[in-house]
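*Asks:* Provided below: query-v5.txt, containing compact mmCIF, C-alpha atoms and all ligand atoms.
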```txt
# COMPACT_ATOMS: atom_id res chain seq x y z
CA MET A 13 -25.34 41.54 -137.89
CA GLY A 14 -23.37 41.41 -141.11
CA PHE A 15 -26.03 43.64 -142.61
CA LEU A 16 -24.43 46.92 -141.64
CA LYS A 17 -20.99 45.76 -142.85
CA GLU A 18 -22.52 45.17 -146.28
CA GLY A 19 -23.80 48.74 -146.42
CA LYS A 20 -27.40 47.80 -145.73
CA VAL A 21 -29.89 49.86 -143.77
CA VAL A 22 -31.85 48.12 -141.01
CA ALA A 23 -34.10 49.27 -138.18
CA VAL A 24 -32.72 48.61 -134.72
CA PRO A 25 -34.19 48.84 -131.23
CA THR A 26 -32.99 51.41 -128.74
CA GLU A 27 -34.28 52.30 -125.29
CA THR A 28 -35.66 55.62 -126.58
CA VAL A 29 -37.17 54.89 -130.02
CA TYR A 30 -36.26 52.55 -132.88
CA GLY A 31 -33.45 53.81 -135.12
CA LEU A 32 -32.80 53.42 -138.84
CA ALA A 33 -29.22 52.23 -138.75
CA ALA A 34 -26.31 52.29 -141.18
CA ASP A 35 -22.51 52.17 -140.99
CA ALA A 36 -21.73 55.81 -140.16
CA LEU A 37 -18.52 55.69 -142.24
CA ASN A 38 -20.17 54.39 -145.42
CA PRO A 39 -21.39 57.30 -147.60
CA SER A 40 -23.69 55.22 -149.80
CA ALA A 41 -25.33 53.60 -146.76
CA ILE A 42 -25.82 57.08 -145.26
CA ALA A 43 -27.40 58.25 -148.51
CA LYS A 44 -29.89 55.36 -148.30
CA ILE A 45 -31.07 56.56 -144.87
CA PHE A 46 -31.91 60.00 -146.29
CA GLU A 47 -33.75 58.41 -149.19
CA ILE A 48 -35.73 55.93 -147.11
CA LYS A 49 -36.81 58.55 -144.56
CA ASN A 50 -37.31 61.26 -147.19
CA ARG A 51 -35.17 63.33 -144.85
CA PRO A 52 -34.03 66.85 -145.81
CA ALA A 53 -30.40 66.64 -146.96
CA ASP A 54 -29.21 69.23 -144.43
CA ASN A 55 -30.48 67.36 -141.38
CA PRO A 56 -27.55 65.46 -139.81
CA LEU A 57 -27.74 62.01 -138.23
CA ILE A 58 -27.01 61.09 -134.61
CA CYS A 59 -24.09 58.67 -134.41
CA HIS A 60 -24.14 55.80 -131.94
CA PHE A 61 -21.10 54.34 -130.21
CA SER A 62 -20.57 51.32 -127.97
CA ASN A 63 -18.52 53.16 -125.33
CA MET A 64 -16.54 56.30 -124.51
CA VAL A 65 -13.28 54.89 -125.84
CA GLN A 66 -14.86 54.56 -129.27
CA VAL A 67 -16.33 58.09 -129.10
CA LYS A 68 -12.90 59.45 -128.24
CA LYS A 69 -11.37 58.02 -131.43
CA PHE A 70 -13.60 60.22 -133.59
CA VAL A 71 -13.76 63.60 -131.82
CA THR A 72 -11.14 66.26 -131.13
CA GLU A 73 -11.68 65.81 -127.39
CA ILE A 74 -14.33 64.88 -124.87
CA PRO A 75 -14.54 68.01 -122.69
CA ALA A 76 -14.63 67.61 -118.89
CA ALA A 77 -18.35 68.35 -118.39
CA THR A 78 -19.27 65.92 -121.16
CA ILE A 79 -17.11 63.25 -119.53
CA SER A 80 -18.92 63.73 -116.20
CA LEU A 81 -22.34 63.47 -117.83
CA MET A 82 -21.34 60.46 -119.94
CA GLN A 83 -19.97 58.69 -116.87
CA HIS A 84 -23.29 59.13 -115.11
CA PHE A 85 -25.83 58.72 -117.88
CA SER A 86 -24.28 56.67 -120.68
CA PRO A 87 -25.20 54.18 -121.91
CA GLY A 88 -28.56 55.94 -121.76
CA PRO A 89 -31.11 58.30 -123.31
CA ILE A 90 -28.78 61.27 -123.75
CA SER A 91 -26.75 62.49 -126.75
CA PHE A 92 -23.80 64.89 -126.77
CA MET A 93 -22.64 67.51 -129.24
CA LEU A 94 -18.89 67.15 -129.83
CA ASP A 95 -16.32 68.64 -132.21
CA LEU A 96 -14.96 66.64 -135.12
CA PRO A 97 -11.46 66.99 -136.56
CA GLU A 98 -11.15 68.74 -139.95
CA ASP A 99 -11.03 65.59 -142.10
CA SER A 100 -13.45 63.45 -140.09
CA PRO A 101 -14.96 60.43 -141.88
CA LEU A 102 -18.17 61.17 -139.95
CA LYS A 103 -18.87 64.27 -142.03
CA PHE A 104 -21.15 62.35 -144.40
CA ALA A 105 -23.33 61.46 -141.43
CA THR A 106 -23.22 65.04 -140.11
CA CYS A 107 -23.99 66.59 -143.53
CA GLY A 108 -20.67 68.40 -143.43
CA SER A 109 -21.16 69.84 -139.96
CA PRO A 110 -17.97 70.08 -137.88
CA GLN A 111 -19.94 68.75 -134.90
CA VAL A 112 -21.35 65.30 -134.30
CA ILE A 113 -24.13 64.32 -131.93
CA ALA A 114 -22.91 61.17 -130.19
CA ARG A 115 -24.94 58.70 -128.15
CA ILE A 116 -24.15 55.46 -126.36
CA PRO A 117 -27.53 53.68 -126.37
CA ASP A 118 -28.70 51.49 -123.51
CA HIS A 119 -30.04 48.52 -125.41
CA PRO A 120 -28.14 45.22 -125.31
CA VAL A 121 -29.07 44.20 -128.85
CA PHE A 122 -28.06 47.51 -130.41
CA LEU A 123 -24.85 47.67 -128.35
CA ASP A 124 -23.92 44.21 -129.67
CA ILE A 125 -24.57 45.40 -133.22
CA ILE A 126 -22.28 48.42 -132.78
CA LYS A 127 -19.57 46.27 -131.22
CA ALA A 128 -19.78 43.71 -134.02
CA LEU A 129 -19.47 46.41 -136.69
CA ASP A 130 -16.65 48.06 -134.74
CA ARG A 131 -17.58 51.42 -136.27
CA PRO A 132 -20.04 54.16 -135.26
CA VAL A 133 -23.63 53.59 -136.37
CA ALA A 134 -25.69 56.47 -137.76
CA ALA A 135 -29.32 56.10 -136.75
CA PRO A 136 -32.07 58.69 -136.88
CA SER A 137 -35.48 57.63 -135.62
CA ALA A 138 -36.88 54.92 -137.92
CA ASN A 139 -39.83 56.89 -139.31
CA THR A 140 -40.62 58.73 -142.50
CA SER A 141 -39.59 62.35 -141.93
CA GLY A 142 -42.37 64.25 -140.20
CA ARG A 143 -44.08 61.13 -138.83
CA VAL A 144 -44.23 59.74 -135.33
CA SER A 145 -41.07 58.01 -134.07
CA PRO A 146 -41.56 54.26 -133.71
CA THR A 147 -41.25 52.55 -130.34
CA SER A 148 -41.86 48.99 -131.56
CA ALA A 149 -40.81 46.83 -134.49
CA GLU A 150 -44.45 46.73 -135.57
CA MET A 151 -44.60 50.53 -135.87
CA VAL A 152 -41.45 50.50 -138.03
CA GLU A 153 -42.93 47.76 -140.21
CA LYS A 154 -46.11 49.78 -140.83
CA ASP A 155 -44.21 52.93 -141.81
CA LEU A 156 -41.05 51.71 -143.56
CA GLY A 157 -41.47 47.93 -143.93
CA GLU A 158 -41.48 48.03 -147.74
CA LYS A 159 -38.39 50.19 -147.98
CA ILE A 160 -35.89 48.65 -145.60
CA GLU A 161 -33.78 45.53 -145.60
CA GLY A 162 -34.70 44.34 -142.14
CA ILE A 163 -35.94 45.13 -138.66
CA VAL A 164 -34.13 43.83 -135.62
CA GLU A 165 -36.81 42.98 -133.04
CA GLY A 166 -35.94 44.25 -129.59
CA GLY A 167 -39.21 44.72 -127.76
CA ILE A 168 -40.97 47.96 -126.92
CA SER A 169 -38.63 50.90 -126.30
CA ARG A 170 -38.38 51.45 -122.55
CA ILE A 171 -38.31 55.27 -122.58
CA GLY A 172 -40.57 55.94 -125.57
CA ILE A 173 -39.38 59.42 -126.57
CA GLU A 174 -36.13 60.50 -128.20
CA SER A 175 -32.94 61.14 -126.26
CA THR A 176 -32.05 64.43 -124.61
CA ILE A 177 -29.49 66.29 -126.75
CA VAL A 178 -26.98 68.40 -124.83
CA ASP A 179 -24.08 70.60 -125.73
CA ALA A 180 -21.76 70.23 -122.74
CA ARG A 181 -18.59 71.36 -124.45
CA ASN A 182 -18.32 74.41 -122.18
CA GLU A 183 -18.42 73.40 -118.52
CA ASN A 184 -19.89 76.76 -117.46
CA GLU A 185 -22.82 76.74 -119.86
CA ILE A 186 -24.65 73.55 -120.74
CA PHE A 187 -27.27 73.77 -123.49
CA ILE A 188 -30.20 71.37 -123.66
CA LEU A 189 -30.86 71.31 -127.41
CA ARG A 190 -33.70 68.78 -127.21
CA PRO A 191 -35.45 67.89 -123.95
CA GLY A 192 -35.75 64.24 -122.94
CA ALA A 193 -35.99 61.92 -119.97
CA ILE A 194 -32.72 63.30 -118.57
CA GLY A 195 -33.15 67.03 -118.04
CA GLU A 196 -32.03 70.09 -116.17
CA ALA A 197 -32.61 68.59 -112.69
CA GLU A 198 -30.59 65.45 -113.41
CA ILE A 199 -27.78 67.39 -115.10
CA HIS A 200 -27.68 69.92 -112.26
CA LYS A 201 -27.00 67.12 -109.76
CA ILE A 202 -23.87 66.14 -111.67
CA LEU A 203 -22.72 69.67 -112.58
CA PRO A 204 -24.03 71.91 -109.76
CA HIS A 205 -21.97 74.94 -110.82
CA ALA A 206 -22.90 75.00 -114.48
CA LYS A 207 -25.55 77.30 -115.91
CA ILE A 208 -28.03 75.05 -117.71
CA ILE A 209 -29.86 76.61 -120.62
CA ALA A 210 -32.86 74.95 -122.23
CA VAL A 211 -32.85 76.16 -125.82
CA GLN A 212 -36.29 77.49 -126.63
CA GLU A 213 -38.04 76.57 -129.84
CA ASP A 214 -41.30 78.09 -130.96
CA SER A 215 -44.15 75.82 -131.93
CA PHE A 216 -42.68 75.12 -135.33
CA GLY A 217 -39.27 74.55 -133.91
CA GLU A 218 -37.73 77.71 -135.34
CA LYS A 219 -34.78 79.04 -133.49
CA ILE A 220 -36.05 82.01 -131.51
CA SER A 221 -33.69 82.47 -128.62
CA GLY A 222 -30.59 83.30 -130.63
CA GLN A 223 -29.05 80.25 -129.01
CA GLN A 224 -27.77 77.29 -130.89
CA THR A 225 -30.24 74.70 -131.93
CA THR A 226 -30.25 71.46 -133.90
CA PRO A 227 -31.09 71.57 -137.62
CA GLY A 228 -33.95 69.12 -137.12
CA ALA A 229 -35.67 71.60 -134.84
CA LYS A 230 -36.81 73.62 -137.83
CA TYR A 231 -38.92 70.80 -139.23
CA ARG A 232 -42.39 69.85 -138.00
CA HIS A 233 -42.14 66.54 -136.22
CA TYR A 234 -43.98 63.56 -134.89
CA ALA A 235 -47.30 64.25 -136.56
CA PRO A 236 -49.94 61.64 -137.39
CA ASN A 237 -51.73 61.92 -140.76
CA ILE A 238 -54.76 63.68 -139.34
CA PRO A 239 -54.61 67.02 -137.53
CA VAL A 240 -54.33 66.91 -133.74
CA PHE A 241 -55.67 69.86 -131.74
CA ILE A 242 -55.24 70.75 -128.10
CA LEU A 243 -58.59 70.88 -126.38
CA GLU A 244 -58.74 73.19 -123.37
CA ASP A 245 -62.09 72.02 -122.17
CA PHE A 246 -64.09 68.94 -123.17
CA GLU A 247 -67.34 70.56 -122.10
CA ASN A 248 -67.44 72.85 -125.13
CA LEU A 249 -66.73 70.20 -127.72
CA ASP A 250 -69.30 69.38 -130.38
CA ALA A 251 -68.93 65.87 -131.72
CA GLU A 252 -69.69 67.06 -135.23
CA ALA A 253 -67.24 64.84 -137.03
CA ASN A 254 -65.63 61.46 -136.53
CA MET A 255 -62.94 62.28 -134.05
CA ALA A 256 -60.61 60.82 -131.48
CA LEU A 257 -60.17 62.16 -127.99
CA LEU A 258 -56.89 61.48 -126.20
CA LEU A 259 -56.91 61.85 -122.45
CA THR A 260 -55.48 60.51 -119.21
CA GLU A 261 -57.25 58.30 -116.70
CA GLU A 262 -57.34 61.18 -114.21
CA GLN A 263 -59.02 63.46 -116.74
CA LEU A 264 -61.68 60.86 -117.49
CA HIS A 265 -62.35 60.34 -113.78
CA SER A 266 -62.78 64.07 -113.29
CA PHE A 267 -65.66 64.16 -115.80
CA SER A 268 -69.20 64.55 -114.55
CA ASP A 269 -71.76 61.88 -115.49
CA ALA A 270 -73.19 64.24 -118.11
CA LEU A 271 -69.80 64.57 -119.76
CA LYS A 272 -69.20 60.85 -119.59
CA LYS A 273 -72.51 60.36 -121.40
CA LYS A 274 -71.34 62.67 -124.15
CA LEU A 275 -68.37 60.36 -124.71
CA VAL A 276 -70.66 57.48 -125.60
CA SER A 277 -71.08 58.69 -129.13
CA PRO A 278 -70.36 56.68 -132.27
CA LYS A 279 -68.49 59.74 -133.49
CA ILE A 280 -65.92 59.74 -130.72
CA SER A 281 -63.04 57.26 -130.39
CA LEU A 282 -61.50 57.39 -126.94
CA ILE A 283 -57.78 56.87 -126.63
CA MET A 284 -56.60 56.47 -123.06
CA LEU A 285 -53.03 57.68 -122.63
CA GLY A 286 -52.58 56.11 -119.19
CA SER A 287 -52.16 57.73 -115.81
CA SER A 288 -50.41 61.07 -115.43
CA LYS A 289 -49.24 59.72 -112.05
CA ASN A 290 -47.07 57.22 -113.89
CA LEU A 291 -45.40 59.42 -116.48
CA ASN A 292 -42.72 56.83 -117.32
CA GLU A 293 -45.38 54.41 -118.47
CA LEU A 294 -47.37 57.15 -120.22
CA ALA A 295 -44.31 58.37 -122.15
CA LYS A 296 -43.35 54.82 -123.05
CA ASN A 297 -46.73 54.28 -124.73
CA PHE A 298 -47.31 57.80 -126.03
CA TYR A 299 -46.09 57.44 -129.65
CA ARG A 300 -47.85 54.07 -129.99
CA HIS A 301 -51.11 55.73 -128.99
CA LEU A 302 -50.53 58.53 -131.48
CA ALA A 303 -49.80 56.01 -134.23
CA THR A 304 -53.19 54.36 -133.71
CA LEU A 305 -54.77 57.60 -134.99
CA ASP A 306 -53.61 56.65 -138.47
CA HIS A 307 -55.45 53.35 -138.35
CA ILE A 308 -58.92 54.32 -137.23
CA ASP A 309 -61.57 56.06 -139.27
CA ILE A 310 -61.44 59.62 -137.98
CA SER A 311 -60.79 63.02 -139.51
CA LYS A 312 -59.25 64.79 -136.56
CA ALA A 313 -58.12 64.26 -133.00
CA PHE A 314 -58.21 66.28 -129.81
CA LEU A 315 -55.73 65.95 -126.99
CA LEU A 316 -57.20 67.18 -123.76
CA LYS A 317 -54.89 69.83 -122.30
CA ASN A 318 -52.66 68.54 -119.56
CA ASP A 319 -49.91 70.35 -117.72
CA TRP A 320 -48.12 67.09 -116.85
CA ASP A 321 -45.65 67.62 -114.08
CA ALA A 322 -42.48 69.67 -113.84
CA SER A 323 -40.19 66.64 -114.14
CA SER A 324 -37.76 66.41 -117.06
CA LEU A 325 -39.93 63.77 -118.66
CA GLY A 326 -43.02 65.96 -118.19
CA LYS A 327 -41.26 68.84 -119.94
CA ALA A 328 -40.09 66.56 -122.73
CA LEU A 329 -43.62 65.28 -123.30
CA LYS A 330 -44.91 68.83 -123.41
CA ASN A 331 -42.26 69.65 -126.03
CA ARG A 332 -43.26 66.68 -128.21
CA ILE A 333 -46.94 67.59 -127.93
CA GLU A 334 -46.18 71.13 -129.08
CA LYS A 335 -44.63 69.58 -132.16
CA ILE A 336 -47.61 67.44 -133.10
CA VAL A 337 -50.25 70.07 -132.59
CA PHE A 338 -51.85 71.32 -135.76
CA ARG A 339 -51.79 75.04 -136.44
CA ALA A 340 -53.62 76.36 -139.46
O1 LIG A 401 -33.19 58.82 -129.07
C1 LIG A 401 -32.67 59.23 -130.11
O2 LIG A 401 -31.89 60.18 -130.13
C2 LIG A 401 -33.01 58.47 -131.41
C3 LIG A 401 -32.43 57.06 -131.31
C4 LIG A 401 -32.61 56.28 -132.57
O3 LIG A 401 -31.08 57.14 -130.94
N1 LIG A 401 -32.52 59.17 -132.54
C5 LIG A 401 -33.07 60.33 -132.98
O4 LIG A 401 -32.52 60.82 -134.17
O5 LIG A 401 -33.98 60.89 -132.42
P1 LIG A 401 -33.25 61.92 -135.06
O6 LIG A 401 -32.43 62.02 -136.27
O7 LIG A 401 -34.66 61.57 -135.26
O8 LIG A 401 -33.09 63.23 -134.26
C6 LIG A 401 -31.80 63.79 -134.11
C7 LIG A 401 -31.84 65.26 -133.99
C8 LIG A 401 -32.30 65.94 -135.26
O9 LIG A 401 -33.12 67.03 -134.89
C9 LIG A 401 -31.01 66.44 -135.91
O10 LIG A 401 -31.21 67.64 -136.59
C10 LIG A 401 -30.13 66.66 -134.71
O11 LIG A 401 -30.49 65.69 -133.77
N2 LIG A 401 -28.71 66.43 -135.05
C11 LIG A 401 -28.12 65.27 -135.40
N3 LIG A 401 -26.81 65.45 -135.66
C12 LIG A 401 -26.56 66.77 -135.48
C13 LIG A 401 -25.40 67.60 -135.60
N4 LIG A 401 -24.24 67.09 -136.00
N5 LIG A 401 -25.52 68.90 -135.32
C14 LIG A 401 -26.71 69.42 -134.93
N6 LIG A 401 -27.84 68.70 -134.79
C15 LIG A 401 -27.78 67.40 -135.07
MG MG A 402 -36.57 61.79 -135.59
```
For this file, write the structure as structure tokens.
*Replies:*
Amino acid sequence: MGFLKEGKVVAVPTETVYGLAADALNPSAIAKIFEIKNRPADNPLICHFSNMVQVKKFVTEIPAATISLMQHFSPGPISFMLDLPEDSPLKFATCGSPQVIARIPDHPVFLDIIKALDRPVAAPSANTSGRVSPTSAEMVEKDLGEKIEGIVEGGISRIGIESTIVDARNENEIFILRPGAIGEAEIHKILPHAKIIAVQEDSFGEKISGQQTTPGAKYRHYAPNIPVFILEDFENLDAEANMALLLTEEQLHSFSDALKKKLVSPKISLIMLGSSKNLNELAKNFYRHLATLDHIDISKAFLLKNDWDASSLGKALKNRIEKIVFRA
């Protein structure tokens, strides 16, 4: 735990995805994160806190709507945009931005680390920029093992996709800047009178709605090394190259015997994503399944189109899939 105090950068477990952690108030440690991840210098880092009292010490205020949401969902898979004072020591972590994105993670090991440091901890997802976020220590090791000073083992991340990011500074208008396991429906229950606006990104994450967005949204995310395409219909697929097919149990069961026969080809690697009836489990394993694409001998992958369900997690999965899909 003394690692962070010494300015070192280590991977830590969280309930969403593993983070690449450094003392958020140490500029040279922050610089190491950007170097290790090969992260664009204008892409700020989420800062993690152990509780609301600690958040309060660093921001101008915690507005009422943010307090309500934090009381219900933190510690948990949700991050909040908040204003920093003029001379904030967090501005290295935020790349000079006057706002910070603050999260209280729900993982006992990481919470202990933040408490021991007694300072905020900057931690973007522990992957090389543009690669899939890791949900296990093993995934971090494969991507960044050579470059980092340690990985704190904390099991498989329970949620499996990154936190929801919200801007709840104005109690009348709440912006969801990045969808996650906690979404519009859950927020609406706590703040029934607020207008909740999901900020739209196009497929490459460009800001299109004229609303605010997060800088990271403009970069392509989460992609494996090989191109991944959405496949509308398995029937029309020619297995002309070594490929992987990602699909749910329900999709496989819906195949006719003729289609099932087509799957028994040395050219096709099947990757079962799990059951769409248990989206929590499917989301938890989703990035690990994607990461396997980099370790089998294939040249492209197809993800069989799925509308998931209309839950917040279903929408978040859909958003992540839009970000991995290859567009020529
Ligand atoms: O679940 C999570 O949020 C994980 C775990 C480790 O906590 N972290 C994570 O961090 O996903 P990262 O850096 O991979 O994604 C954070 C996103 C980026 O798109 C970044 O641009 C945006 O949040 N962001 C961070 N700080 C910001 C700020 N001050 N203003 C605007 N956007 C910010
Ligand atoms: Mg990330």
*Asks:* Can you find the residues with an atom no farther than 6 Å from (-54.5, 61.5, -118.9), counting all atoms listed in the file, and report them as a PyMOL selection string?
*Replies:* chain A and resi 259-263+285-288
*Asks:* Report as a ChimeraX atom specification all protein, DNA and RNA residues lying within 8 Å of range 46-55 of chain A, evaluated on all atoms listed in the file, omitting residues in the same chain fewer than 4 positions from it.
*Replies:* /A:42,106-107,138-141,156,159-160,227-228
*Asks:* List as a list in words the protein and nucleic acid residues lying within 7 Å of ligand MG 402 (chain A), with all atoms listed in the file counted.
*Replies:* Pro136, Ser137, Asn139 and Ser145 of chain A
*Asks:* Which residue is closest to ligand LIG 401 (chain A)? Choose from A:Leu302, A:Ala34, A:Leu316, A:Ala41 and count all atoms listed in the file.
*Replies:* A:Ala34
*Asks:* Can you write out as a tab-separated table which residues of chain A fall within 6 Å of ligand LIG 401 (chain A), alongside each residue's closest atom pair and its distance in Å to one decimal, counting all atoms listed in the file and ordering rows by chain and ascending residue number?
*Replies:*
```
residue	atom	partner	partner_atom	distance
A:Thr28	CA	A:LIG401	O1	4.7
A:Val29	CA	A:LIG401	C3	5.4
A:Tyr30	CA	A:LIG401	C4	5.2
A:Gly31	CA	A:LIG401	C4	3.6
A:Asn55	CA	A:LIG401	O10	4.9
A:Pro56	CA	A:LIG401	N3	4.2
A:Leu57	CA	A:LIG401	C11	4.3
A:Ile58	CA	A:LIG401	C11	4.4
A:Thr106	CA	A:LIG401	N4	4.7
A:Ser109	CA	A:LIG401	N4	5.7
A:Gln111	CA	A:LIG401	N4	4.7
A:Val112	CA	A:LIG401	N4	3.8
A:Ile113	CA	A:LIG401	N3	4.7
A:Ala135	CA	A:LIG401	C4	5.3
A:Pro136	CA	A:LIG401	O6	3.4
A:Ser137	CA	A:LIG401	O7	4.0
A:Glu174	CA	A:LIG401	O1	3.5
A:Ser175	CA	A:LIG401	O1	3.7
A:Thr226	CA	A:LIG401	N6	3.8
A:Pro227	CA	A:LIG401	O10	4.1
A:Gly228	CA	A:LIG401	O10	3.2
A:Ala229	CA	A:LIG401	O9	5.2
```
*Asks:* Some atoms are missing, so please complete range 124-138 of chain A with N, CA and C atoms and return it as a PDB file, in the coordinates of the input.
*Replies:*
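What follows is the written file out05.pdb:
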```pdb
ATOM      1  N   ASP A 124     -24.614  45.332-129.021  1.00  0.00           N
ATOM      2  CA  ASP A 124     -23.920  44.210-129.670  1.00  0.00           C
ATOM      3  C   ASP A 124     -23.699  44.471-131.146  1.00  0.00           C
ATOM      4  N   ILE A 125     -24.689  45.097-131.786  1.00  0.00           N
ATOM      5  CA  ILE A 125     -24.570  45.400-133.220  1.00  0.00           C
ATOM      6  C   ILE A 125     -23.430  46.393-133.459  1.00  0.00           C
ATOM      7  N   ILE A 126     -23.357  47.416-132.610  1.00  0.00           N
ATOM      8  CA  ILE A 126     -22.280  48.420-132.780  1.00  0.00           C
ATOM      9  C   ILE A 126     -20.915  47.768-132.546  1.00  0.00           C
ATOM     10  N   LYS A 127     -20.854  46.940-131.513  1.00  0.00           N
ATOM     11  CA  LYS A 127     -19.570  46.270-131.220  1.00  0.00           C
ATOM     12  C   LYS A 127     -19.156  45.360-132.363  1.00  0.00           C
ATOM     13  N   ALA A 128     -20.109  44.636-132.929  1.00  0.00           N
ATOM     14  CA  ALA A 128     -19.780  43.710-134.020  1.00  0.00           C
ATOM     15  C   ALA A 128     -19.288  44.471-135.248  1.00  0.00           C
ATOM     16  N   LEU A 129     -19.890  45.621-135.518  1.00  0.00           N
ATOM     17  CA  LEU A 129     -19.470  46.410-136.690  1.00  0.00           C
ATOM     18  C   LEU A 129     -18.122  47.061-136.400  1.00  0.00           C
ATOM     19  N   ASP A 130     -17.889  47.400-135.160  1.00  0.00           N
ATOM     20  CA  ASP A 130     -16.650  48.060-134.740  1.00  0.00           C
ATOM     21  C   ASP A 130     -16.466  49.424-135.416  1.00  0.00           C
ATOM     22  N   ARG A 131     -17.563  50.067-135.734  1.00  0.00           N
ATOM     23  CA  ARG A 131     -17.580  51.420-136.270  1.00  0.00           C
ATOM     24  C   ARG A 131     -18.800  52.130-135.688  1.00  0.00           C
ATOM     25  N   PRO A 132     -18.820  53.472-135.706  1.00  0.00           N
ATOM     26  CA  PRO A 132     -20.040  54.160-135.260  1.00  0.00           C
ATOM     27  C   PRO A 132     -21.222  53.828-136.177  1.00  0.00           C
ATOM     28  N   VAL A 133     -22.409  53.891-135.604  1.00  0.00           N
ATOM     29  CA  VAL A 133     -23.630  53.590-136.370  1.00  0.00           C
ATOM     30  C   VAL A 133     -24.511  54.839-136.393  1.00  0.00           C
ATOM     31  N   ALA A 134     -24.774  55.330-137.599  1.00  0.00           N
ATOM     32  CA  ALA A 134     -25.690  56.470-137.760  1.00  0.00           C
ATOM     33  C   ALA A 134     -27.104  55.934-137.661  1.00  0.00           C
ATOM     34  N   ALA A 135     -27.943  56.582-136.866  1.00  0.00           N
ATOM     35  CA  ALA A 135     -29.320  56.100-136.750  1.00  0.00           C
ATOM     36  C   ALA A 135     -30.268  57.205-136.300  1.00  0.00           C
ATOM     37  N   PRO A 136     -30.956  57.815-137.261  1.00  0.00           N
ATOM     38  CA  PRO A 136     -32.070  58.690-136.880  1.00  0.00           C
ATOM     39  C   PRO A 136     -33.252  57.820-136.496  1.00  0.00           C
ATOM     40  N   SER A 137     -34.288  58.410-135.939  1.00  0.00           N
ATOM     41  CA  SER A 137     -35.480  57.630-135.620  1.00  0.00           C
ATOM     42  C   SER A 137     -36.007  56.965-136.895  1.00  0.00           C
ATOM     43  N   ALA A 138     -36.546  55.747-136.756  1.00  0.00           N
ATOM     44  CA  ALA A 138     -36.880  54.920-137.920  1.00  0.00           C
ATOM     45  C   ALA A 138     -38.286  55.210-138.454  1.00  0.00           C
TER      46      ALA A 138
END
```
